[in-house]
file final-v6.cif (mmCIF, C-alpha atoms and all ligand atoms)
data_structure
loop_
_atom_site.label_atom_id
_atom_site.label_comp_id
_atom_site.auth_asym_id
_atom_site.auth_seq_id
_atom_site.Cartn_x
_atom_site.Cartn_y
_atom_site.Cartn_z
CA MET A 748 68.79 30.43 100.48
CA SER A 749 68.03 31.25 96.86
CA ALA A 750 70.68 31.92 94.19
CA PRO A 751 71.57 35.58 93.65
CA VAL A 752 69.30 37.40 91.24
CA LEU A 753 69.98 40.71 89.52
CA ARG A 754 67.08 43.04 90.03
CA ASP A 755 65.62 44.69 87.00
CA PRO A 756 65.10 47.60 87.27
CA ALA A 757 67.83 48.41 89.78
CA PRO A 758 66.52 49.66 93.14
CA SER A 759 66.26 53.42 93.51
CA LEU A 760 68.87 55.10 95.70
CA GLY A 761 66.12 55.90 98.22
CA GLU A 762 65.26 52.19 98.45
CA VAL A 763 68.88 51.40 99.30
CA ARG A 764 68.74 53.83 102.19
CA GLN A 765 65.78 51.92 103.59
CA ARG A 766 68.06 48.89 103.96
CA LEU A 767 70.33 50.61 106.47
CA VAL A 768 70.01 49.96 110.15
CA THR A 769 71.94 52.98 111.41
CA THR A 770 71.03 55.76 109.02
CA THR A 771 68.10 57.09 110.96
CA ALA A 772 67.46 60.64 112.10
CA ALA A 773 70.03 60.02 114.84
CA HIS A 774 72.81 58.74 112.58
CA THR A 775 74.50 60.18 109.54
CA HIS A 776 76.87 57.50 108.29
CA LEU A 777 79.74 58.98 106.25
CA ALA A 778 82.36 56.35 107.05
CA VAL A 779 81.89 53.63 104.44
CA CYS A 780 85.49 54.13 103.26
CA GLY A 781 86.40 52.72 106.70
CA VAL A 782 83.58 50.33 107.45
CA ALA A 783 80.14 49.77 105.93
CA PRO A 784 77.07 50.78 107.91
CA PRO A 785 75.04 47.77 109.04
CA SER A 786 72.20 46.87 106.70
CA ILE A 787 69.06 44.86 107.24
CA ASP A 788 70.52 42.44 104.69
CA VAL A 789 73.66 41.76 106.73
CA GLU A 790 71.64 41.53 109.93
CA GLN A 791 69.45 38.90 108.28
CA ALA A 792 72.49 37.02 106.92
CA LEU A 793 73.93 36.83 110.44
CA SER A 794 70.65 35.49 111.77
CA TRP A 795 70.71 32.83 109.00
CA LEU A 796 74.21 31.95 110.14
CA MET A 797 72.94 31.40 113.69
CA GLN A 798 70.14 29.20 112.40
CA ASP A 799 72.51 27.23 110.15
CA LEU A 800 74.83 26.63 113.11
CA SER A 801 72.04 24.81 114.91
CA ARG A 802 71.26 22.57 111.92
CA PRO A 803 73.17 19.59 110.55
CA GLY A 804 75.44 20.32 107.56
CA PHE A 805 76.71 23.75 108.63
CA TRP A 806 80.03 23.43 106.78
CA ARG A 807 78.33 22.46 103.54
CA GLU A 808 76.14 25.57 103.76
CA CYS A 809 79.16 27.71 104.65
CA GLU A 810 81.00 26.39 101.57
CA GLN A 811 78.03 27.32 99.44
CA GLN A 812 78.13 30.80 100.88
CA VAL A 813 81.80 31.06 99.89
CA GLU A 814 80.87 30.03 96.34
CA ARG A 815 78.04 32.59 96.25
CA ALA A 816 80.37 35.32 97.43
CA ARG A 817 82.96 34.31 94.82
CA ALA A 818 80.36 34.32 92.02
CA LEU A 819 78.89 37.67 93.08
CA PHE A 820 82.29 39.34 93.25
CA ALA A 821 83.29 37.82 89.90
CA ARG A 822 80.13 39.25 88.36
CA LEU A 823 80.75 42.66 89.91
CA ILE A 824 84.19 42.97 88.26
CA GLY A 825 83.46 41.07 85.03
CA ALA A 826 85.68 38.10 85.91
CA ASP A 827 85.26 34.34 85.70
CA VAL A 828 84.57 32.57 89.02
CA ASP A 829 87.74 30.54 88.53
CA GLN A 830 89.75 33.76 88.58
CA VAL A 831 88.62 34.75 92.10
CA ALA A 832 90.08 33.59 95.44
CA VAL A 833 88.27 34.23 98.72
CA LEU A 834 90.83 35.31 101.34
CA PRO A 835 90.81 36.91 104.80
CA ASN A 836 92.24 40.33 103.91
CA ALA A 837 93.93 42.42 101.24
CA SER A 838 97.42 42.02 102.72
CA VAL A 839 97.23 38.24 102.45
CA ALA A 840 95.83 38.61 98.92
CA ALA A 841 98.79 40.79 97.88
CA TYR A 842 101.22 38.33 99.44
CA GLN A 843 99.60 35.37 97.71
CA ALA A 844 99.79 37.16 94.36
CA VAL A 845 103.60 37.50 94.45
CA SER A 846 104.88 35.06 97.05
CA ARG A 847 106.58 32.68 94.65
CA ARG A 848 107.53 35.18 92.04
CA ARG A 849 111.14 35.13 90.77
CA TRP A 850 112.13 38.77 90.50
CA ARG A 851 115.54 38.27 88.82
CA ARG A 852 115.99 40.79 85.95
CA ARG A 853 112.63 42.41 86.58
CA ARG A 854 113.19 43.37 90.19
CA ASP A 855 111.41 46.73 90.25
CA VAL A 856 108.01 47.19 91.85
CA VAL A 857 106.54 50.61 91.10
CA VAL A 858 104.47 51.78 94.08
CA THR A 859 103.16 55.08 95.41
CA PRO A 860 103.43 56.20 99.07
CA ALA A 861 99.67 56.77 98.72
CA GLU A 862 99.22 52.98 98.46
CA PHE A 863 97.48 51.38 101.45
CA PRO A 864 100.38 50.45 103.81
CA GLY A 865 99.47 46.75 104.07
CA VAL A 866 99.85 46.36 100.31
CA ALA A 867 103.05 48.45 100.08
CA HIS A 868 104.57 46.48 102.98
CA THR A 869 104.01 43.26 101.06
CA TRP A 870 106.18 44.59 98.22
CA LEU A 871 108.80 45.91 100.69
CA ASN A 872 108.93 42.44 102.24
CA GLN A 873 109.91 40.72 98.96
CA PRO A 874 113.60 39.99 99.55
CA SER A 875 114.66 40.12 95.88
CA ALA A 876 112.43 42.97 94.75
CA ARG A 877 113.36 46.67 94.66
CA VAL A 878 110.58 49.12 95.46
CA ARG A 879 110.55 52.27 93.29
CA TRP A 880 108.36 54.94 94.89
CA THR A 881 106.42 57.34 92.74
CA GLY A 882 104.33 60.41 93.53
CA PRO A 883 104.79 62.96 96.31
CA PRO A 884 105.26 61.60 99.87
CA GLY A 885 102.29 63.55 101.29
CA GLY A 886 100.29 64.86 98.35
CA ALA A 887 98.04 63.34 95.74
CA VAL A 888 99.60 60.93 93.25
CA ARG A 889 98.74 61.28 89.55
CA THR A 890 98.58 58.72 86.76
CA ALA A 891 101.46 60.53 85.02
CA ASP A 892 103.72 59.91 88.05
CA PHE A 893 103.77 56.18 87.34
CA LEU A 894 104.73 56.24 83.67
CA PRO A 895 108.41 57.35 83.75
CA LEU A 896 109.27 54.67 86.32
CA ILE A 897 107.97 51.80 84.21
CA THR A 898 111.02 50.36 82.46
CA ALA A 899 112.40 47.05 81.18
CA ARG A 900 113.42 46.32 84.79
CA THR A 901 109.86 46.62 86.11
CA GLY A 902 108.24 43.37 87.23
CA LEU A 903 105.12 44.75 88.91
CA VAL A 904 103.23 48.03 89.00
CA SER A 905 100.99 48.43 92.05
CA VAL A 906 98.12 50.87 91.53
CA PRO A 907 95.35 51.83 93.94
CA ALA A 908 92.17 52.32 91.86
CA VAL A 909 91.30 55.05 94.40
CA THR A 910 93.72 56.04 97.18
CA TYR A 911 92.59 55.32 100.74
CA ARG A 912 93.37 58.74 102.21
CA ASP A 913 92.68 61.38 99.57
CA ALA A 914 90.33 59.36 97.29
CA THR A 915 92.47 60.07 94.24
CA GLY A 916 91.33 57.95 91.30
CA LEU A 917 94.05 56.67 88.97
CA ASP A 918 93.81 55.70 85.32
CA VAL A 919 94.60 52.02 85.81
CA ALA A 920 94.09 51.12 82.14
CA ARG A 921 96.64 53.71 81.02
CA ILE A 922 99.20 52.54 83.58
CA ALA A 923 98.49 48.91 82.60
CA ARG A 924 99.14 49.69 78.92
CA ALA A 925 102.55 51.12 79.82
CA ALA A 926 103.33 48.19 82.15
CA HIS A 927 102.32 45.51 79.67
CA ALA A 928 104.31 47.21 76.90
CA VAL A 929 107.49 46.41 78.88
CA GLY A 930 106.30 42.98 80.06
CA ALA A 931 105.41 44.00 83.64
CA GLN A 932 102.28 42.96 85.55
CA VAL A 933 99.74 45.20 87.27
CA PHE A 934 98.27 44.76 90.75
CA VAL A 935 95.23 46.91 91.58
CA ASP A 936 93.96 47.62 95.08
CA ALA A 937 90.30 48.39 94.40
CA TYR A 938 89.21 48.37 98.04
CA GLN A 939 88.15 52.03 97.83
CA ALA A 940 86.39 51.61 94.48
CA ALA A 941 84.62 48.25 94.32
CA GLY A 942 80.92 48.58 95.03
CA VAL A 943 80.62 52.32 94.48
CA MET A 944 81.67 52.69 90.83
CA PRO A 945 81.69 50.43 87.77
CA LEU A 946 84.84 48.26 87.59
CA HIS A 947 85.63 45.73 84.91
CA VAL A 948 88.89 43.80 84.92
CA ASP A 949 89.07 43.68 81.12
CA ALA A 950 88.70 47.45 80.86
CA LEU A 951 91.27 47.94 83.62
CA ASN A 952 93.47 45.32 81.94
CA CYS A 953 95.04 44.38 85.28
CA ASP A 954 96.69 41.08 86.21
CA TYR A 955 95.57 41.10 89.84
CA LEU A 956 92.84 43.01 91.67
CA VAL A 957 91.94 42.96 95.33
CA ALA A 958 88.94 44.32 97.25
CA GLY A 959 87.53 43.63 100.68
CA ALA A 960 83.92 43.00 101.64
CA GLY A 961 83.67 45.33 104.60
CA LYS A 962 83.54 48.80 103.02
CA TYR A 963 81.69 49.84 99.82
CA LEU A 964 80.76 46.17 99.23
CA MET A 965 78.49 46.56 102.27
CA GLY A 966 79.57 43.41 104.12
CA LEU A 967 81.75 42.91 107.19
CA PRO A 968 85.53 42.92 107.65
CA GLY A 969 87.07 39.44 107.40
CA VAL A 970 86.79 38.64 103.68
CA ALA A 971 88.79 39.94 100.72
CA PHE A 972 88.73 38.82 97.11
CA LEU A 973 91.75 38.33 94.89
CA TYR A 974 91.24 38.35 91.12
CA VAL A 975 94.03 36.67 89.14
CA ARG A 976 93.96 36.94 85.35
CA HIS A 977 96.00 33.75 84.84
CA PRO A 978 95.41 31.64 87.92
CA ASP A 979 97.58 28.73 86.74
CA GLY A 980 100.91 30.49 87.46
CA PRO A 981 103.38 29.56 90.20
CA PRO A 982 101.65 28.19 93.30
CA PRO A 983 101.62 30.55 96.30
CA ALA A 984 103.91 30.16 99.33
CA LEU A 985 101.00 30.10 101.78
CA THR A 986 98.62 27.19 101.47
CA GLY A 987 96.20 24.95 103.37
CA TRP A 988 93.66 22.23 102.75
CA LEU A 989 91.29 24.58 100.89
CA GLY A 990 94.03 25.26 98.32
CA ARG A 991 93.88 21.68 97.03
CA ALA A 992 92.29 20.40 93.81
CA ASP A 993 89.77 18.46 95.92
CA PRO A 994 89.82 19.69 99.53
CA HIS A 995 87.40 16.97 100.57
CA ALA A 996 89.81 14.21 99.54
CA LEU A 997 91.66 15.20 102.75
CA ARG A 998 94.92 13.59 101.65
CA ALA A 999 97.61 14.84 104.00
CA THR A 1000 100.34 13.26 101.85
CA VAL A 1001 99.46 15.03 98.56
CA LEU A 1002 100.13 18.67 97.69
CA ASP A 1003 98.31 19.24 94.41
CA TRP A 1004 97.23 22.59 92.95
CA PRO A 1005 94.00 23.39 91.14
CA SER A 1006 94.42 25.47 87.98
CA HIS A 1007 91.86 28.01 89.29
CA ALA A 1008 92.29 30.79 91.82
CA ARG A 1009 91.17 28.60 94.73
CA ARG A 1010 94.84 27.59 94.84
CA TYR A 1011 95.48 30.88 96.68
CA GLU A 1012 93.10 29.92 99.50
CA THR A 1013 94.30 28.39 102.76
CA GLY A 1014 92.08 27.27 105.66
CA THR A 1015 88.67 27.79 107.22
CA PRO A 1016 87.23 31.22 106.34
CA CYS A 1017 85.50 33.62 108.76
CA ALA A 1018 81.95 32.28 108.39
CA ALA A 1019 80.19 35.42 109.65
CA ALA A 1020 82.11 37.63 107.22
CA VAL A 1021 81.34 35.25 104.35
CA TYR A 1022 77.59 35.26 105.04
CA ALA A 1023 77.69 39.05 105.33
CA ALA A 1024 79.73 39.35 102.12
CA VAL A 1025 76.99 37.54 100.20
CA ALA A 1026 74.34 39.89 101.59
CA GLY A 1027 76.41 43.01 100.85
CA LEU A 1028 77.40 41.86 97.37
CA ARG A 1029 73.77 41.12 96.50
CA LEU A 1030 72.83 44.63 97.52
CA VAL A 1031 75.65 46.13 95.49
CA ASN A 1032 75.17 43.88 92.46
CA ASP A 1033 71.55 45.07 92.30
CA LEU A 1034 72.63 48.69 91.90
CA ASP A 1035 73.19 50.63 88.72
CA LEU A 1036 76.78 51.57 89.52
CA HIS A 1037 76.90 54.25 86.80
CA GLN A 1038 74.02 55.97 88.57
CA VAL A 1039 75.72 55.48 91.95
CA ARG A 1040 78.93 56.97 90.57
CA ARG A 1041 77.12 60.09 89.30
CA HIS A 1042 75.30 60.41 92.62
CA THR A 1043 78.44 60.16 94.77
CA GLN A 1044 80.38 62.54 92.51
CA ARG A 1045 77.64 65.12 92.87
CA LEU A 1046 77.51 64.76 96.67
CA ILE A 1047 81.30 64.96 97.06
CA THR A 1048 81.51 68.03 94.81
CA GLU A 1049 78.77 69.69 96.85
CA ALA A 1050 80.38 68.76 100.17
CA ALA A 1051 83.73 70.14 98.99
CA ARG A 1052 82.08 73.38 97.86
CA ARG A 1053 80.25 73.83 101.17
CA LEU A 1054 83.25 73.00 103.35
CA THR A 1055 85.59 75.22 101.37
CA ALA A 1056 83.09 78.08 101.72
CA LEU A 1057 83.25 77.51 105.48
CA GLY A 1058 87.03 78.00 105.32
CA GLU A 1059 87.94 74.31 105.58
CA VAL A 1060 90.83 72.81 103.65
CA VAL A 1061 89.77 69.78 101.66
CA ARG A 1062 91.86 67.53 99.47
CA ILE A 1063 89.90 67.11 96.29
CA ALA A 1064 90.88 66.12 92.77
CA ALA A 1065 90.94 68.73 89.99
CA ALA A 1066 88.02 66.99 88.24
CA PRO A 1067 85.16 64.87 89.64
CA ASP A 1068 86.01 61.93 87.36
CA VAL A 1069 89.32 61.39 89.17
CA GLN A 1070 87.77 61.69 92.62
CA GLY A 1071 86.69 58.62 94.57
CA ALA A 1072 83.61 58.43 96.77
CA HIS A 1073 85.06 60.27 99.76
CA LEU A 1074 86.73 63.56 100.46
CA ALA A 1075 89.51 64.31 102.92
CA LEU A 1076 89.08 67.32 105.19
CA VAL A 1077 92.50 68.36 106.48
CA ASP A 1078 92.73 68.52 110.27
CA PRO A 1079 95.76 67.42 112.30
CA GLN A 1080 93.33 66.57 115.12
CA ALA A 1081 90.98 64.63 112.89
CA GLU A 1082 90.42 61.99 115.59
CA THR A 1083 89.14 64.67 118.01
CA LEU A 1084 86.82 66.10 115.39
CA ALA A 1085 85.57 62.61 114.49
CA ALA A 1086 84.87 61.83 118.16
CA TRP A 1087 82.97 65.11 118.59
CA LEU A 1088 80.89 64.45 115.46
CA GLY A 1089 80.34 60.85 116.55
CA GLU A 1090 78.81 62.01 119.84
CA ARG A 1091 76.31 63.94 117.72
CA GLY A 1092 75.43 60.97 115.52
CA VAL A 1093 77.67 61.87 112.57
CA ILE A 1094 79.94 58.94 111.82
CA THR A 1095 83.10 59.77 109.87
CA ALA A 1096 86.43 58.06 109.18
CA PRO A 1097 89.57 59.88 110.42
CA ARG A 1098 92.98 58.76 109.08
CA ALA A 1099 96.45 60.30 109.29
CA GLY A 1100 95.60 64.00 109.59
CA VAL A 1101 92.39 63.99 107.57
CA LEU A 1102 88.74 63.44 108.32
CA ARG A 1103 87.29 61.31 105.54
CA LEU A 1104 83.65 61.82 104.56
CA ALA A 1105 82.46 58.95 102.39
CA VAL A 1106 79.22 58.53 100.47
CA HIS A 1107 77.45 55.66 98.77
CA ALA A 1108 74.16 54.96 97.03
CA TYR A 1109 72.23 55.56 100.25
CA SER A 1110 73.76 58.98 101.02
CA THR A 1111 71.68 62.11 100.61
CA ASP A 1112 72.00 65.89 100.38
CA GLU A 1113 70.70 66.00 103.95
CA ASP A 1114 73.72 63.98 105.08
CA ILE A 1115 75.97 66.63 103.54
CA ASP A 1116 73.93 69.40 105.20
CA VAL A 1117 74.21 67.68 108.56
CA VAL A 1118 77.97 67.19 108.44
CA CYS A 1119 78.70 70.68 107.08
CA ASP A 1120 76.54 72.30 109.78
CA ALA A 1121 78.15 70.14 112.45
CA VAL A 1122 81.70 71.00 111.33
CA ALA A 1123 80.75 74.71 111.34
CA THR A 1124 79.37 74.40 114.89
CA TYR A 1125 82.50 72.56 116.03
CA ARG A 1126 84.74 75.33 114.72
CA ARG A 1127 82.53 78.10 116.11
CA HIS A 1128 82.10 76.87 119.63
CA HIS A 1129 84.90 74.50 120.41
CA HIS A 1130 88.01 74.58 118.33
CA ARG A 1131 89.98 76.79 116.04
CA ARG A 1132 90.11 75.76 112.41
CA SER A 1133 93.39 73.98 111.97
CA GLY A 1134 93.83 74.02 108.20
CA GLY A 1135 97.08 72.51 106.92
CA ASN A 1136 98.81 71.67 103.69
CA ARG A 1137 96.76 70.61 100.75
C1 LIG A 1201 92.80 50.78 99.90
C2 LIG A 1201 92.78 49.79 101.03
N1 LIG A 1201 93.39 48.61 100.87
C3 LIG A 1201 93.40 47.69 101.84
C4 LIG A 1201 92.78 47.92 103.05
C5 LIG A 1201 92.75 46.88 104.12
O1 LIG A 1201 93.80 45.94 104.00
P1 LIG A 1201 93.72 44.61 104.85
O2 LIG A 1201 92.49 43.87 104.35
O3 LIG A 1201 94.96 43.89 104.57
O4 LIG A 1201 93.57 45.00 106.28
C6 LIG A 1201 92.15 49.14 103.26
C7 LIG A 1201 91.51 49.41 104.57
O5 LIG A 1201 91.46 50.39 105.14
C8 LIG A 1201 92.14 50.08 102.23
O6 LIG A 1201 91.53 51.26 102.38
#

call {"tool": "encode", "arguments": {"input": "final-v6.cif", "output": "structure tokens"}}
result
Amino acid sequence: MSAPVLRDPAPSLGEVRQRLVTTTAAHTHLAVCGVAPPSIDVEQALSWLMQDLSRPGFWRECEQQVERARALFARLIGADVDQVAVLPNASVAAYQAVSRRRWRRRRDVVVTPAEFPGVAHTWLNQPSARVRWTGPPGGAVRTADFLPLITARTGLVSVPAVTYRDATGLDVARIARAAHAVGAQVFVDAYQAAGVMPLHVDALNCDYLVAGAGKYLMGLPGVAFLYVRHPDGPPPALTGWLGRADPHALRATVLDWPSHARRYETGTPCAAAVYAAVAGLRLVNDLDLHQVRRHTQRLITEAARRLTALGEVVRIAAAPDVQGAHLALVDPQAETLAAWLGERGVITAPRAGVLRLAVHAYSTDEDIDVVCDAVATYRRHHHRRSGGNR
């Protein structure tokens, strides 16, 4: 396979839609905040995997795919390849980032209840750390909620770039300035942001950043990336042969550590997810993410306007620039609504009392029409509107 190439000019948003397998007249895919729709690119990558499996040298090719994925993700976030580890999921990435940290005087980890649970649980599971929660338990967290909790006792501030439920965007750079001023580090979960808006680790000024391949990065579940600003810190608690300076030396008696982020890696990766990650990242790296951001903001604003006019309760940020690429429609029976929509070819992502409607470069005004009309029909014929707290 050829090395990744940036397309110039970037493909039009309509062209991206042509790459999707499921978004046909019968399918409106609004669930990319949960899982990416299948693309022709990923389908082709999986067929290459099958061919590579029947040829000699499969592992060598698989390793090259890991390196391609690493390089593509590094380019997407403005990092160096040596600052990126390829891991199985975001929870492992969070654990690897802090596993050997000495909390001592700086025991506090500032976290919001709006953090994805797998990341928050990693901080709760640090025996010497003390989690300081910020932001309302059920509502939307704001950048300002973090600042008063950042003190000389803070060791780590954990910030979702965009929250997984309500799609609240946070000003990571501002929080990072406050954290660094007291000597604390910043961990960013960018799973709900990477691939659908511009992200640059120097602008964010974070110490760690994680994102997975299976959502807006258009790949499959099974691969996550961990960016580490200074990857020569304490070695992680979890290791394996791929965390060695030269994995192919295969020396069982030697535990050495490379000075790059590969030290956070462990054992054999999920080959199918790695091949798919390369395909998805190529697609995303080809896009003009500023254009994608404007497009998704417009669609989400329009969807919120339409749904509110129908009497729905939606959780939406006060301004489009602090809104991620999905909106949360409040419904205590969101799973039932999602199943009903799914039977009619509208794929959505329910989570904890909300129905999430997520858009990407390929989404269109027609998708918004389809889902708004379908929700109206559901309320009219089948179920009362349930509403709920904002
Ligand atoms: C913000 C965010 N972080 C992390 C994850 C997934 O974490 P993990 O890869 O550990 O399953 C998700 C998935 O839903 C998410 O939305």

call {"tool": "closest_atom_pairs", "arguments": {"input": "final-v6.cif", "of": "chain A", "to": "ligand LIG 1201 (chain A)", "cutoff": "9 Å", "atoms": "only C-alpha atoms and all ligand atoms", "output": "CSV"}}
result
residue,atom,partner,partner_atom,distance
A:Cys780,CA,A:LIG1201,O6,6.7
A:Gly781,CA,A:LIG1201,O5,5.8
A:Val782,CA,A:LIG1201,O5,8.2
A:Pro835,CA,A:LIG1201,O2,7.2
A:Asn836,CA,A:LIG1201,O2,3.6
A:Ala837,CA,A:LIG1201,O2,3.7
A:Ser838,CA,A:LIG1201,O3,3.6
A:Val839,CA,A:LIG1201,O3,6.4
A:Ala840,CA,A:LIG1201,O3,7.8
A:Ala841,CA,A:LIG1201,O3,8.3
A:Glu862,CA,A:LIG1201,C1,6.9
A:Phe863,CA,A:LIG1201,C1,5.0
A:Pro864,CA,A:LIG1201,C3,7.8
A:Gly865,CA,A:LIG1201,O3,5.4
A:Val866,CA,A:LIG1201,C3,6.8
A:Pro907,CA,A:LIG1201,C1,6.6
A:Ala908,CA,A:LIG1201,C1,8.2
A:Val909,CA,A:LIG1201,C1,7.1
A:Thr910,CA,A:LIG1201,C1,6.0
A:Tyr911,CA,A:LIG1201,O6,4.5
A:Arg912,CA,A:LIG1201,O6,7.7
A:Asp936,CA,A:LIG1201,C1,5.9
A:Ala937,CA,A:LIG1201,C1,6.5
A:Tyr938,CA,A:LIG1201,C1,4.7
A:Gln939,CA,A:LIG1201,C1,5.2
A:Ala940,CA,A:LIG1201,C1,8.4
A:Val957,CA,A:LIG1201,N1,8.0
A:Ala958,CA,A:LIG1201,N1,7.2
A:Gly959,CA,A:LIG1201,O2,6.2
A:Gly961,CA,A:LIG1201,C7,8.8
A:Lys962,CA,A:LIG1201,C7,8.1
A:Pro968,CA,A:LIG1201,O2,7.8
A:Gly969,CA,A:LIG1201,O2,7.6
A:Val970,CA,A:LIG1201,O2,7.8
A:Ala971,CA,A:LIG1201,O2,6.5

call {"tool": "atom_distance", "arguments": {"input": "final-v6.cif", "atom1": "CA of Arg889 in chain A", "atom2": "CA of Phe934 in chain A"}}
result
16.6 Å

call {"tool": "residues_around", "arguments": {"input": "final-v6.cif", "residues": "Asp1003 in chain A", "least_positions_apart": "2", "cutoff": "7 Å", "atoms": "all atoms listed in the file", "output": "VMD selection string"}}
result
chain A and resid 991 to 992 1001 1005

call {"tool": "closest_residue", "arguments": {"input": "final-v6.cif", "among": "A:Ala861, A:His1073, A:Ala1066, A:Tyr842", "to": "Tyr955 in chain A", "atoms": "only C-alpha atoms"}}
result
A:Tyr842

call {"tool": "atom_distance", "arguments": {"input": "final-v6.cif", "atom1": "CA of Val789 in chain A", "atom2": "CA of Asn1032 in chain A"}}
result
14.5 Å

call {"tool": "atom_distance", "arguments": {"input": "final-v6.cif", "atom1": "CA of Gln1038 in chain A", "atom2": "CA of Val919 in chain A"}}
result
21.1 Å

call {"tool": "residues_around", "arguments": {"input": "final-v6.cif", "residues": "range 1052-1062 of chain A", "least_positions_apart": "4", "cutoff": "7 Å", "atoms": "all atoms listed in the file", "output": "list in words"}}
result
Asp913, Thr1048, Leu1074, Ala1075, Leu1076, Val1077, Cys1119, Ala1123, Gly1134 and Arg1137 of chain A

call {"tool": "closest_residue", "arguments": {"input": "final-v6.cif", "among": "A:Val857, A:Val1118, A:Gly1092, A:Ala920", "to": "Pro895 in chain A", "atoms": "only C-alpha atoms"}}
result
A:Val857

call {"tool": "closest_residue", "arguments": {"input": "final-v6.cif", "among": "A:Val779, A:Val845, A:Val858, A:Ala1018", "to": "Asp799 in chain A", "atoms": "all atoms listed in the file"}}
result
A:Ala1018
